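Source file: input_20.pdb. Holds: PDB, C-alpha atoms and all ligand atoms.
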ATOM      1  CA  MET A   1       1.007   4.281   0.133
ATOM      2  CA  SER A   2       1.439   0.668   1.057
ATOM      3  CA  MET A   3       3.708  -0.605   3.800
ATOM      4  CA  GLU A   4       6.259  -1.528   1.138
ATOM      5  CA  ASP A   5       6.812   2.118   0.369
ATOM      6  CA  TYR A   6       8.400   2.947   3.681
ATOM      7  CA  ASP A   7      10.216   1.346   6.572
ATOM      8  CA  TYR A   8       8.725   3.500   9.298
ATOM      9  CA  LEU A   9       5.692   5.675   9.732
ATOM     10  CA  PHE A  10       5.551   8.160  12.570
ATOM     11  CA  LYS A  11       2.941  10.616  13.659
ATOM     12  CA  ILE A  12       4.187  14.003  14.838
ATOM     13  CA  VAL A  13       1.828  16.585  16.301
ATOM     14  CA  LEU A  14       2.596  20.290  16.615
ATOM     15  CA  ILE A  15       0.932  22.247  19.385
ATOM     16  CA  GLY A  16       1.310  25.723  20.857
ATOM     17  CA  ASN A  17      -0.372  29.080  20.950
ATOM     18  CA  ALA A  18      -2.033  30.574  17.904
ATOM     19  CA  GLY A  19       0.332  32.456  15.630
ATOM     20  CA  VAL A  20       3.606  30.967  16.867
ATOM     21  CA  GLY A  21       4.305  29.534  13.412
ATOM     22  CA  LYS A  22       3.308  25.874  13.567
ATOM     23  CA  THR A  23       1.802  25.828  10.094
ATOM     24  CA  CYS A  24       4.761  27.692   8.641
ATOM     25  CA  LEU A  25       7.189  25.207  10.196
ATOM     26  CA  VAL A  26       5.257  22.307   8.704
ATOM     27  CA  ARG A  27       5.017  23.897   5.278
ATOM     28  CA  ARG A  28       8.674  24.880   5.301
ATOM     29  CA  PHE A  29       9.644  21.308   6.021
ATOM     30  CA  THR A  30       7.154  19.532   3.781
ATOM     31  CA  GLN A  31       6.960  21.976   0.871
ATOM     32  CA  GLY A  32      10.103  24.049   1.235
ATOM     33  CA  LEU A  33       8.218  27.320   1.297
ATOM     34  CA  PHE A  34       7.184  30.090   3.642
ATOM     35  CA  PRO A  35       3.530  30.796   2.871
ATOM     36  CA  PRO A  36       2.701  34.477   2.552
ATOM     37  CA  GLY A  37      -0.280  35.620   4.603
ATOM     38  CA  GLN A  38      -0.718  32.270   6.301
ATOM     39  CA  GLY A  39      -4.189  32.156   7.873
ATOM     40  CA  ALA A  40      -5.061  30.538  11.182
ATOM     41  CA  THR A  41      -5.496  26.773  11.173
ATOM     42  CA  ILE A  42      -9.056  25.579  11.548
ATOM     43  CA  GLY A  43      -9.119  22.470  13.719
ATOM     44  CA  VAL A  44      -6.312  20.265  12.459
ATOM     45  CA  ASP A  45      -4.486  19.733   9.231
ATOM     46  CA  PHE A  46      -1.841  17.257   8.249
ATOM     47  CA  MET A  47       0.892  16.810   5.724
ATOM     48  CA  ILE A  48       3.104  13.911   4.858
ATOM     49  CA  LYS A  49       6.759  13.853   4.018
ATOM     50  CA  THR A  50       8.885  10.814   3.422
ATOM     51  CA  VAL A  51      12.574  11.135   4.140
ATOM     52  CA  GLU A  52      15.447   8.721   3.783
ATOM     53  CA  ILE A  53      17.633   8.285   6.815
ATOM     54  CA  LYS A  54      20.620   5.988   6.646
ATOM     55  CA  GLY A  55      19.023   4.046   3.815
ATOM     56  CA  GLU A  56      15.648   3.671   5.487
ATOM     57  CA  LYS A  57      12.472   5.325   4.278
ATOM     58  CA  VAL A  58      10.660   7.187   7.006
ATOM     59  CA  LYS A  59       7.193   8.482   6.414
ATOM     60  CA  LEU A  60       6.347  11.386   8.675
ATOM     61  CA  GLN A  61       2.700  12.159   9.188
ATOM     62  CA  ILE A  62       2.773  15.687  10.570
ATOM     63  CA  TRP A  63      -0.325  17.006  12.268
ATOM     64  CA  ASP A  64      -0.692  20.753  12.574
ATOM     65  CA  THR A  65      -3.202  21.767  15.229
ATOM     66  CA  ALA A  66      -5.008  25.064  15.648
ATOM     67  CA  GLY A  67      -3.654  27.124  18.522
ATOM     68  CA  GLN A  68      -6.886  28.945  19.107
ATOM     69  CA  GLU A  69      -8.650  27.986  22.304
ATOM     70  CA  ARG A  70     -11.972  27.394  20.540
ATOM     71  CA  PHE A  71     -10.525  24.398  18.712
ATOM     72  CA  ARG A  72      -9.000  22.835  21.784
ATOM     73  CA  SER A  73     -11.549  20.062  22.162
ATOM     74  CA  ILE A  74     -10.810  18.943  18.601
ATOM     75  CA  THR A  75      -7.048  19.193  18.799
ATOM     76  CA  GLN A  76      -6.798  17.428  22.153
ATOM     77  CA  SER A  77      -8.020  14.224  20.596
ATOM     78  CA  TYR A  78      -4.939  14.127  18.379
ATOM     79  CA  TYR A  79      -2.366  14.196  21.169
ATOM     80  CA  ARG A  80      -2.859  10.713  22.389
ATOM     81  CA  SER A  81      -1.911   8.918  19.221
ATOM     82  CA  ALA A  82       1.216  10.935  18.591
ATOM     83  CA  ASN A  83       4.629   9.360  18.389
ATOM     84  CA  ALA A  84       6.127  12.782  18.881
ATOM     85  CA  LEU A  85       4.858  16.110  20.092
ATOM     86  CA  ILE A  86       6.441  19.410  19.134
ATOM     87  CA  LEU A  87       5.526  22.175  21.552
ATOM     88  CA  THR A  88       6.179  25.481  19.847
ATOM     89  CA  TYR A  89       6.309  29.051  21.070
ATOM     90  CA  ASP A  90       7.269  32.365  19.522
ATOM     91  CA  ILE A  91      10.470  33.931  20.822
ATOM     92  CA  THR A  92       9.001  37.391  20.130
ATOM     93  CA  CYS A  93       5.908  36.683  22.215
ATOM     94  CA  GLU A  94       6.278  36.377  25.965
ATOM     95  CA  ASP A  95       2.678  35.207  26.273
ATOM     96  CA  SER A  96       3.318  32.193  24.090
ATOM     97  CA  PHE A  97       6.124  31.214  26.447
ATOM     98  CA  ARG A  98       4.126  31.833  29.589
ATOM     99  CA  CYS A  99       1.446  29.489  28.259
ATOM    100  CA  LEU A 100       3.804  26.519  28.113
ATOM    101  CA  PRO A 101       2.799  25.141  31.533
ATOM    102  CA  GLU A 102      -0.776  25.215  30.335
ATOM    103  CA  TRP A 103       0.224  23.175  27.303
ATOM    104  CA  LEU A 104       2.056  20.737  29.538
ATOM    105  CA  ARG A 105      -1.138  20.296  31.506
ATOM    106  CA  GLU A 106      -2.965  19.591  28.263
ATOM    107  CA  ILE A 107      -0.420  16.970  27.380
ATOM    108  CA  GLU A 108      -0.650  15.451  30.830
ATOM    109  CA  GLN A 109      -4.371  15.200  30.500
ATOM    110  CA  TYR A 110      -4.802  14.141  26.903
ATOM    111  CA  ALA A 111      -1.659  12.510  25.617
ATOM    112  CA  ASN A 112      -2.111   8.980  26.829
ATOM    113  CA  ASN A 113       1.147   7.669  25.736
ATOM    114  CA  GLN A 114       4.445   8.747  24.410
ATOM    115  CA  VAL A 115       5.301  12.152  23.232
ATOM    116  CA  VAL A 116       8.331  13.853  21.834
ATOM    117  CA  THR A 117       8.081  17.536  22.322
ATOM    118  CA  ILE A 118      10.493  19.892  20.724
ATOM    119  CA  LEU A 119      10.622  23.110  22.555
ATOM    120  CA  VAL A 120      11.446  25.990  20.315
ATOM    121  CA  GLY A 121      11.513  29.010  22.465
ATOM    122  CA  GLU A 122      12.697  30.711  25.528
ATOM    123  CA  ASN A 123      13.084  30.819  29.189
ATOM    124  CA  ILE A 124      10.552  30.620  31.946
ATOM    125  CA  ARG A 125       9.770  32.299  35.209
ATOM    126  CA  HIS A 126      10.745  30.843  38.497
ATOM    127  CA  ASN A 127       7.183  30.793  39.745
ATOM    128  CA  PHE A 128       6.032  28.081  37.397
ATOM    129  CA  PHE A 129       9.083  25.899  37.607
ATOM    130  CA  LEU A 130       7.452  23.666  40.181
ATOM    131  CA  LEU A 131       4.424  23.138  38.020
ATOM    132  CA  VAL A 132       6.564  22.428  35.004
ATOM    133  CA  ILE A 133       8.744  19.976  36.867
ATOM    134  CA  SER A 134       5.753  18.089  38.180
ATOM    135  CA  CYS A 135       4.255  17.952  34.703
ATOM    136  CA  ALA A 136       7.556  16.677  33.353
ATOM    137  CA  LEU A 137       7.745  13.995  36.017
ATOM    138  CA  TYR A 138       4.236  12.934  35.165
ATOM    139  CA  VAL A 139       5.096  12.792  31.513
ATOM    140  CA  TRP A 140       8.227  10.760  32.148
ATOM    141  CA  SER A 141       6.284   8.378  34.353
ATOM    142  CA  ARG A 142       4.134   7.627  31.322
ATOM    143  CA  ASN A 143       7.084   7.425  28.934
ATOM    144  CA  LEU A 144       6.163  10.734  27.455
ATOM    145  CA  ILE A 145       8.981  12.881  26.225
ATOM    146  CA  LEU A 146       8.592  16.554  25.558
ATOM    147  CA  VAL A 147      10.655  18.615  23.158
ATOM    148  CA  LEU A 148      10.365  22.382  23.208
ATOM    149  CA  VAL A 149      10.979  24.672  20.209
ATOM    150  CA  GLY A 150      11.145  28.578  19.922
ATOM    151  CA  ASN A 151      10.253  29.910  16.485
ATOM    152  CA  LYS A 152      10.826  33.229  14.631
ATOM    153  CA  ILE A 153      14.499  33.709  15.442
ATOM    154  CA  ASP A 154      14.795  35.859  12.315
ATOM    155  CA  LEU A 155      13.044  38.552  14.382
ATOM    156  CA  ALA A 156      15.987  38.907  16.731
ATOM    157  CA  ASP A 157      15.355  42.584  17.421
ATOM    158  CA  LYS A 158      11.855  41.751  18.677
ATOM    159  CA  ARG A 159      12.878  38.928  20.943
ATOM    160  CA  GLU A 160      10.997  38.868  24.234
ATOM    161  CA  VAL A 161      12.086  35.489  25.532
ATOM    162  CA  HIS A 162      15.795  35.144  26.051
ATOM    163  CA  ARG A 163      17.410  31.975  24.914
ATOM    164  CA  GLN A 164      18.857  31.168  28.330
ATOM    165  CA  ARG A 165      15.399  31.196  29.910
ATOM    166  CA  ALA A 166      14.188  28.649  27.400
ATOM    167  CA  GLU A 167      17.279  26.520  27.763
ATOM    168  CA  ASP A 168      16.846  26.484  31.525
ATOM    169  CA  PHE A 169      13.225  25.576  31.139
ATOM    170  CA  ALA A 170      13.996  22.772  28.742
ATOM    171  CA  GLU A 171      16.851  21.482  30.842
ATOM    172  CA  ALA A 172      14.701  21.429  33.961
ATOM    173  CA  GLN A 173      12.442  19.010  32.149
ATOM    174  CA  SER A 174      15.065  17.046  30.295
ATOM    175  CA  MET A 175      13.740  18.321  27.034
ATOM    176  CA  LEU A 176      15.621  19.213  23.904
ATOM    177  CA  TYR A 177      15.583  22.882  23.148
ATOM    178  CA  LEU A 178      15.739  24.207  19.634
ATOM    179  CA  GLU A 179      15.205  27.623  18.092
ATOM    180  CA  THR A 180      13.951  27.895  14.530
ATOM    181  CA  SER A 181      12.893  30.265  11.824
ATOM    182  CA  ALA A 182      10.276  28.966   9.442
ATOM    183  CA  LYS A 183      10.804  32.112   7.428
ATOM    184  CA  GLU A 184      14.546  31.748   6.983
ATOM    185  CA  SER A 185      14.480  27.960   7.182
ATOM    186  CA  ASP A 186      16.836  27.922  10.157
ATOM    187  CA  ASN A 187      16.898  24.580  11.997
ATOM    188  CA  VAL A 188      13.628  23.411  10.452
ATOM    189  CA  GLU A 189      15.103  20.387   8.710
ATOM    190  CA  LYS A 190      17.132  19.625  11.795
ATOM    191  CA  LEU A 191      14.025  19.677  13.926
ATOM    192  CA  PHE A 192      12.178  17.055  11.936
ATOM    193  CA  LEU A 193      15.109  14.944  10.832
ATOM    194  CA  ASP A 194      16.618  14.657  14.288
ATOM    195  CA  LEU A 195      13.213  13.697  15.532
ATOM    196  CA  ALA A 196      12.875  11.044  12.841
ATOM    197  CA  CYS A 197      16.286   9.682  13.807
ATOM    198  CA  GLU A 198      15.272   9.399  17.405
ATOM    199  CA  LEU A 199      11.986   7.739  16.567
ATOM    200  CA  ILE A 200      13.835   5.152  14.531
ATOM    201  CA  ARG A 201      16.340   4.607  17.293
ATOM    202  CA  GLU A 202      13.617   4.038  19.804
ATOM    203  CA  ALA A 203      11.709   1.783  17.452
ATOM    204  CA  LYS A 204      14.804  -0.333  17.037
ATOM    205  CA  GLN A 205      15.164  -0.577  20.768
ATOM    206  CA  ASN A 206      11.697  -2.032  20.910
ATOM    207  CA  LYS A 207      10.468   0.889  22.903
ATOM    208  CA  LEU A 208       8.300   1.655  19.971
ATOM    209  CA  ASP A 209       6.065  -0.951  18.412
ATOM    210  CA  ASN A 210       6.707  -0.121  14.837
ATOM    211  CA  ASN A 211       4.611  -2.922  13.428
ATOM    212  CA  ASP A 212       1.730  -0.537  13.838
ATOM    213  CA  THR A 213       3.253   2.814  13.165
ATOM    214  CA  ALA A 214       0.043   4.407  12.015
ATOM    215  CA  PRO A 215      -1.400   4.809  15.477
ATOM    216  CA  MET A 216      -5.082   5.078  16.007
ATOM    217  CA  PRO A 217      -6.618   7.401  18.581
ATOM    218  CA  GLY A 218      -6.026   5.954  21.997
ATOM    219  CA  GLU A 219      -2.839   4.235  21.007
ATOM    220  CA  GLY A 220       0.663   5.469  21.586
ATOM    221  CA  LYS A 221       4.284   4.690  21.221
ATOM    222  CA  THR A 222       7.156   4.739  23.612
ATOM    223  CA  ILE A 223       9.960   6.995  22.650
ATOM    224  CA  SER A 224      12.614   8.825  24.527
ATOM    225  CA  TYR A 225      14.042  12.106  23.636
ATOM    226  CA  LEU A 226      16.246  12.768  20.815
ATOM    227  CA  SER A 227      19.837  13.351  20.350
ATOM    228  CA  CYS A 228      21.133  14.542  17.051
ATOM    229  CA  CYS A 229      22.055  12.039  14.418
ATOM    230  CA  ASN A 230      23.480  12.238  10.982
ATOM    231  CA  VAL A 231      21.100  11.924   8.123
ATOM    232  CA  ASN A 232      22.317  10.310   4.978
TER     233      ASN A 232
HETATM  234  N1  LIG B   1       9.155  36.442  10.930
HETATM  235  C1  LIG B   1       8.612  35.237  11.019
HETATM  236  N2  LIG B   1       7.281  35.087  10.942
HETATM  237  C2  LIG B   1       6.771  33.837  11.034
HETATM  238  C3  LIG B   1       7.598  32.702  11.208
HETATM  239  N3  LIG B   1       6.794  31.617  11.269
HETATM  240  C4  LIG B   1       5.545  32.057  11.131
HETATM  241  N4  LIG B   1       5.513  33.405  10.985
HETATM  242  C5  LIG B   1       4.337  34.259  10.820
HETATM  243  O1  LIG B   1       3.537  34.106  11.977
HETATM  244  C6  LIG B   1       2.165  34.140  11.617
HETATM  245  C7  LIG B   1       1.486  32.891  12.139
HETATM  246  O2  LIG B   1       2.022  31.769  11.488
HETATM  247  P1  LIG B   1       1.237  30.360  11.472
HETATM  248  O3  LIG B   1       2.160  29.361  10.901
HETATM  249  O4  LIG B   1      -0.091  30.516  10.838
HETATM  250  O5  LIG B   1       1.029  30.141  13.037
HETATM  251  P2  LIG B   1       0.263  28.935  13.741
HETATM  252  O6  LIG B   1       1.002  28.619  14.983
HETATM  253  O7  LIG B   1       0.067  27.808  12.773
HETATM  254  O8  LIG B   1      -1.146  29.616  14.070
HETATM  255  P3  LIG B   1      -2.577  28.896  14.321
HETATM  256  O9  LIG B   1      -2.892  28.120  13.077
HETATM  257  O10 LIG B   1      -3.532  30.010  14.572
HETATM  258  O11 LIG B   1      -2.400  28.012  15.527
HETATM  259  C8  LIG B   1       2.095  34.284  10.095
HETATM  260  O12 LIG B   1       1.905  35.654   9.797
HETATM  261  C9  LIG B   1       3.470  33.839   9.639
HETATM  262  O13 LIG B   1       3.870  34.491   8.445
HETATM  263  C10 LIG B   1       9.010  32.881  11.286
HETATM  264  O14 LIG B   1       9.819  31.977  11.442
HETATM  265  N5  LIG B   1       9.460  34.181  11.186
END
Mind turning the file's structure into structure tokens?
Amino acid sequence: MSMEDYDYLFKIVLIGNAGVGKTCLVRRFTQGLFPPGQGATIGVDFMIKTVEIKGEKVKLQIWDTAGQERFRSITQSYYRSANALILTYDITCEDSFRCLPEWLREIEQYANNQVVTILVGENIRHNFFLLVISCALYVWSRNLILVLVGNKIDLADKREVHRQRAEDFAEAQSMLYLETSAKESDNVEKLFLDLACELIREAKQNKLDNNDTAPMPGEGKTISYLSCCNVN
């Protein structure tokens, strides 16, 4: 696709523990389906979807990273060039929520520039609030913005992470909090479209150098976190 085919191109990277539903979120958004028997991601994968927002064509390059620890050295190299970072956990899996500070450390270490993280998920324990807050401050100091997302809300009866915990966690770090279901398609469009809106907004404010919106490793873009916008 040549530059004439779109007005903006943004790179979004999904990270989070294995099995939280990153691939399913991406496939729901890009292909409109919930893949049966979705296998674990090997390394990284990416899909592209172009959306039209207020008359402007926005090409989203969505990178889906493997959650398994053994792929970490591969996936880390993709953080730094992201325009946005979606940190995902599973609301039915306490462990995936407890690992969030670890993911924030990863971001701190490997995401050189600007990140939007959508936190889909739950609440967090008091004892890692300090760590989280310091990570968030570090991120902000580098113009990184984190958004947290909690997936699998269709499994309400199996919920292990209460919504208020996640909201508190997100609020403590000035992150957006969103809960989704890739299976039922709840909030999936909203997640990506709101993010696209915010990326455009930031680009227009010259916080994002959109003349080179296909970032190469080592590059990054400045964005701040999203507020909802209407998509036409
Ligand atoms: N009920 C329910 N199951 C989901 C949802 N999203 C994903 N799953 C299931 O969770 C499992 C893991 O989904 P994946 O999308 O492969 O998870 P992942 O985070 O990409 O996993 P890795 O590739 O190993 O990092 C699969 O069995 C999916 O069917 C959801 O919203 N609701």
> Expressed in Å to a single decimal, how great is the separation between CA of Glu106 in chain A and CA of Phe71 in chain A?
Replying inline: 13.1 Å
How close does chain A get to ligand LIG 1 (chain B)? List, as a tab-separated table, each residue of chain A within 9 Å, its nearest atom pair and the distance in Å to one decimal, counting all atoms listed in the file.
residue	atom	partner	partner_atom	distance
A:Leu14	CA	B:LIG1	O6	8.6
A:Ile15	CA	B:LIG1	O11	7.7
A:Gly16	CA	B:LIG1	O6	6.6
A:Asn17	CA	B:LIG1	O11	5.9
A:Ala18	CA	B:LIG1	O11	3.5
A:Gly19	CA	B:LIG1	O5	3.5
A:Val20	CA	B:LIG1	O6	4.0
A:Gly21	CA	B:LIG1	O3	3.3
A:Lys22	CA	B:LIG1	O6	3.9
A:Thr23	CA	B:LIG1	O3	3.6
A:Cys24	CA	B:LIG1	O3	3.8
A:Leu25	CA	B:LIG1	N3	6.5
A:Val26	CA	B:LIG1	O3	8.0
A:Arg27	CA	B:LIG1	O3	8.3
A:Phe34	CA	B:LIG1	O13	7.3
A:Pro35	CA	B:LIG1	O13	6.7
A:Pro36	CA	B:LIG1	O13	6.0
A:Gly37	CA	B:LIG1	O12	5.6
A:Gln38	CA	B:LIG1	O4	4.9
A:Gly39	CA	B:LIG1	O4	5.3
A:Ala40	CA	B:LIG1	O10	3.8
A:Thr41	CA	B:LIG1	O9	3.5
A:Ile42	CA	B:LIG1	O9	6.8
A:Gly43	CA	B:LIG1	O9	8.4
A:Val44	CA	B:LIG1	O9	8.6
A:Asp64	CA	B:LIG1	O7	7.1
A:Thr65	CA	B:LIG1	O11	6.3
A:Ala66	CA	B:LIG1	O11	3.9
A:Gly67	CA	B:LIG1	O11	3.4
A:Gln68	CA	B:LIG1	O10	5.7
A:Thr88	CA	B:LIG1	O6	7.8
A:Tyr89	CA	B:LIG1	O6	8.1
A:Asp90	CA	B:LIG1	N3	8.3
A:Asn151	CA	B:LIG1	O14	5.5
A:Lys152	CA	B:LIG1	O14	3.6
A:Ile153	CA	B:LIG1	O14	6.4
A:Asp154	CA	B:LIG1	N5	5.7
A:Leu155	CA	B:LIG1	N1	5.6
A:Thr180	CA	B:LIG1	O14	6.6
A:Ser181	CA	B:LIG1	O14	3.5
A:Ala182	CA	B:LIG1	O14	3.6
A:Lys183	CA	B:LIG1	O14	4.1
A:Glu184	CA	B:LIG1	O14	6.5
A:Ser185	CA	B:LIG1	O14	7.5
A:Asp186	CA	B:LIG1	O14	8.2
> What residues have an atom no more than 10 Å from (2.0, 22.6, 29.1) in the file's own frame, counting all atoms listed in the file, and can you write them as number ranges by chain?
Replying inline: A: 15-16, 87, 97-109, 131-132, 135-136, 146
>> With the PyMOL selection byres (((chain A and resi 192-194) around 12) and not hetatm) as the selection, what would be picked from this file? Answer as a ChimeraX atom specification, please.
In response: /A:10-14,25-30,48-54,57-62,84-86,116-118,147,149,176,178,180,186-191,195-201,225-232
> Please, what distance in Å, to one decimal, runs between CA of Gln173 in chain A and CA of Tyr110 in chain A?
Replying inline: 18.7 Å
> Mind pulling up the distance from CA of Met47 in chain A to CA of Lys204 in chain A?
Replying inline: 24.8 Å
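Candidate residues A:Glu94, A:Leu148, A:Phe46, A:Glu179 were compared for distance to Arg163 in chain A, and the nearest is A:Glu179, using only C-alpha atoms.
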Some atoms are missing, so please complete range 32-46 of chain A with N, CA and C atoms and return it as a compact mmCIF listing (two decimals), in the coordinates of the input.
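What landed in result33.txt:
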# COMPACT_ATOMS: atom_id res chain seq x y z
N GLY A 32 8.95 23.19 1.50
CA GLY A 32 10.10 24.05 1.24
C GLY A 32 9.74 25.49 0.97
N LEU A 33 8.62 25.93 1.52
CA LEU A 33 8.22 27.32 1.30
C LEU A 33 7.72 27.97 2.58
N PHE A 34 7.73 29.31 2.54
CA PHE A 34 7.18 30.09 3.64
C PHE A 34 5.93 30.78 3.10
N PRO A 35 4.76 30.29 3.50
CA PRO A 35 3.53 30.80 2.87
C PRO A 35 3.25 32.25 3.23
N PRO A 36 3.02 33.09 2.24
CA PRO A 36 2.70 34.48 2.55
C PRO A 36 1.27 34.57 3.08
N GLY A 37 1.07 35.40 4.08
CA GLY A 37 -0.28 35.62 4.60
C GLY A 37 -0.95 34.36 5.10
N GLN A 38 -0.18 33.53 5.79
CA GLN A 38 -0.72 32.27 6.30
C GLN A 38 -1.85 32.54 7.29
N GLY A 39 -3.04 31.99 6.99
CA GLY A 39 -4.19 32.16 7.87
C GLY A 39 -4.16 31.17 9.02
N ALA A 40 -5.00 31.42 10.01
CA ALA A 40 -5.06 30.54 11.18
C ALA A 40 -5.58 29.16 10.77
N THR A 41 -5.04 28.14 11.42
CA THR A 41 -5.50 26.77 11.17
C THR A 41 -6.88 26.59 11.80
N ILE A 42 -7.72 25.90 11.05
CA ILE A 42 -9.06 25.58 11.55
C ILE A 42 -9.04 24.11 11.96
N GLY A 43 -9.14 23.86 13.24
CA GLY A 43 -9.12 22.47 13.72
C GLY A 43 -7.74 21.86 13.58
N VAL A 44 -7.62 20.89 12.70
CA VAL A 44 -6.31 20.26 12.46
C VAL A 44 -6.10 20.07 10.96
N ASP A 45 -4.86 19.99 10.61
CA ASP A 45 -4.49 19.73 9.23
C ASP A 45 -3.30 18.76 9.28
N PHE A 46 -3.05 18.06 8.21
CA PHE A 46 -1.84 17.26 8.25
C PHE A 46 -1.19 17.17 6.89
